[in-house]
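A.B. asks: Here you go, one structure.
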Amino acid sequence: MLLFLYLMFFCVLSLPSAPTGLMEAGELLRSVSVEVAPSVVVVEQVHRLDYFCTGSVVRSVPNDGTFILAQAEILDTYSDVRLRVHFSDGLQATAQVVLTRGQFCILRTEYNPRCKVIELDTKATDLGYMMIRAPFSRSTHFPVPTFLFQSRLICTTFGDHAPTIRGSCEYFMVVCQYGDTSANGVSRLVAGPVFSMAGKVVGILVRDNSDWVDKSDPGEDPRWVAEGFQFKTCMSAQKFKNILWSLFGECGWRKGRKRASDERRKSLMRADKAKSKKRKTST
């Protein structure tokens, strides 16, 4: 616990406009947490034990609905699944899958006027002290202080003078005390937003690096392991914004939804045909 308090104190003092003590840092964290809570949801797969994850509101329009970003792993199957979204105001809503792209999926619920769309900050520079809201249960989430570990992941191939892998600088790494996973072993935080102390989203969490620290290695600092710190890789807000634009920006949300729905329907049909063919072959 002492190491956690030291990191929190150090990162807060490193920010030019940050408060100058742990008490002020705690007040700031609570204030931002309350402000961003309506932007965060918990998504659960109904009738499945221990299948739930974080999500965030990316669009909410009265005549169109509320749209949620979540991890594709929550679907867990090619077939349609029953999903339920829990908002911070206590509202529960059935969700339909709009599209899946890589490790992300977009869900749609009935319009919730009390939720809040996340605001992306593509120009943030002071990322020392941040916050995530992590699932506490199937219906609630809580604030977790998060600290910058590496501002840009400049990944290269083998060798000191090897070229940088394209796109690797669009990611950064953070550390926090949360390592909970769903029953399938995937972190509940994947696809979750990372907030700055201004209440804006500076990144989207894409990977849990819990295996990054080798607990059996005597060379590793045991304090990291004892205090339960977990390393997380995050996609920059700018890269995520570009992904959203590629999906919906060029043709608009309504047309983009229809296109994605048609693609998903065809994908499900192909999967069902493949399963049917496999069953016939096995018999």
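Chain labels follow the order of the structure tokens: the first chain is A, the next B, and so on; residue numbering restarts at 1 in every chain, and ligands are counted from 1 in their shown order.
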I'd like a table as a tab-separated table: residues in stretch 72-185 of chain A with an atom no more than 9 Å from stretch 36-44 of chain A, each row giving the shortest atom pair and its distance in Å to one decimal, only C-alpha atoms counted, sorted by chain and rising residue number.
C.D. replies:
residue	atom	partner	partner_atom	distance
A:Ile74	CA	A:Glu44	CA	7.4
A:Arg82	CA	A:Glu44	CA	8.6
A:Leu83	CA	A:Glu44	CA	5.7
A:Arg84	CA	A:Glu44	CA	5.4
A:Val85	CA	A:Val43	CA	4.6
A:His86	CA	A:Val42	CA	5.2
A:Phe87	CA	A:Val41	CA	4.9
A:Ser88	CA	A:Pro38	CA	5.4
A:Asp89	CA	A:Pro38	CA	7.2
A:Ala95	CA	A:Val43	CA	8.8
A:Arg114	CA	A:Pro38	CA	7.1
A:Cys115	CA	A:Pro38	CA	4.7
A:Lys116	CA	A:Ser39	CA	4.7
A:Val117	CA	A:Ser39	CA	5.6
A:Ile118	CA	A:Ser39	CA	5.6
A:Arg133	CA	A:Val40	CA	7.2
A:Ala134	CA	A:Val42	CA	8.7
A:Pro135	CA	A:Val42	CA	6.4
A:Ser137	CA	A:Val42	CA	8.3
A:Arg138	CA	A:Glu44	CA	6.3
A:Ser139	CA	A:Val42	CA	5.8
A:Thr140	CA	A:Val42	CA	6.6
A:His141	CA	A:Val42	CA	7.1
A:Phe142	CA	A:Ala37	CA	8.6
A:Pro143	CA	A:Ala37	CA	8.8
A.B. asks: If we count only C-alpha atoms and set the cut-off at 7 Å, which residues sit around A:Cys234, ignoring sequence neighbours fewer than 4 positions away in its own chain? Please answer as a PyMOL selection string.
C.D. replies: chain A and resi 171-173+203-207
A.B. asks: As an exercise, work out the distance from atom CA of A:Ser187 to atom CA of A:Asp208 in Å and give it to one decimal place.
C.D. replies: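 Pair atom CA of A:Ser187 / atom CA of A:Asp208 returns 6.2 Å.
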A.B. asks: How far is it from atom CA of A:Gln103 to atom CA of A:Asp64, in Å with one decimal?
C.D. replies: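 Distance reported for this atom pair: 24.4 Å.
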A.B. asks: So the first atom is atom CA of A:Glu27 and the second is atom CA of A:Leu127; what is the distance between them in Å, to one decimal place?
C.D. replies: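 Taking atom CA of A:Glu27 and atom CA of A:Leu127, their separation equals 18.2 Å.
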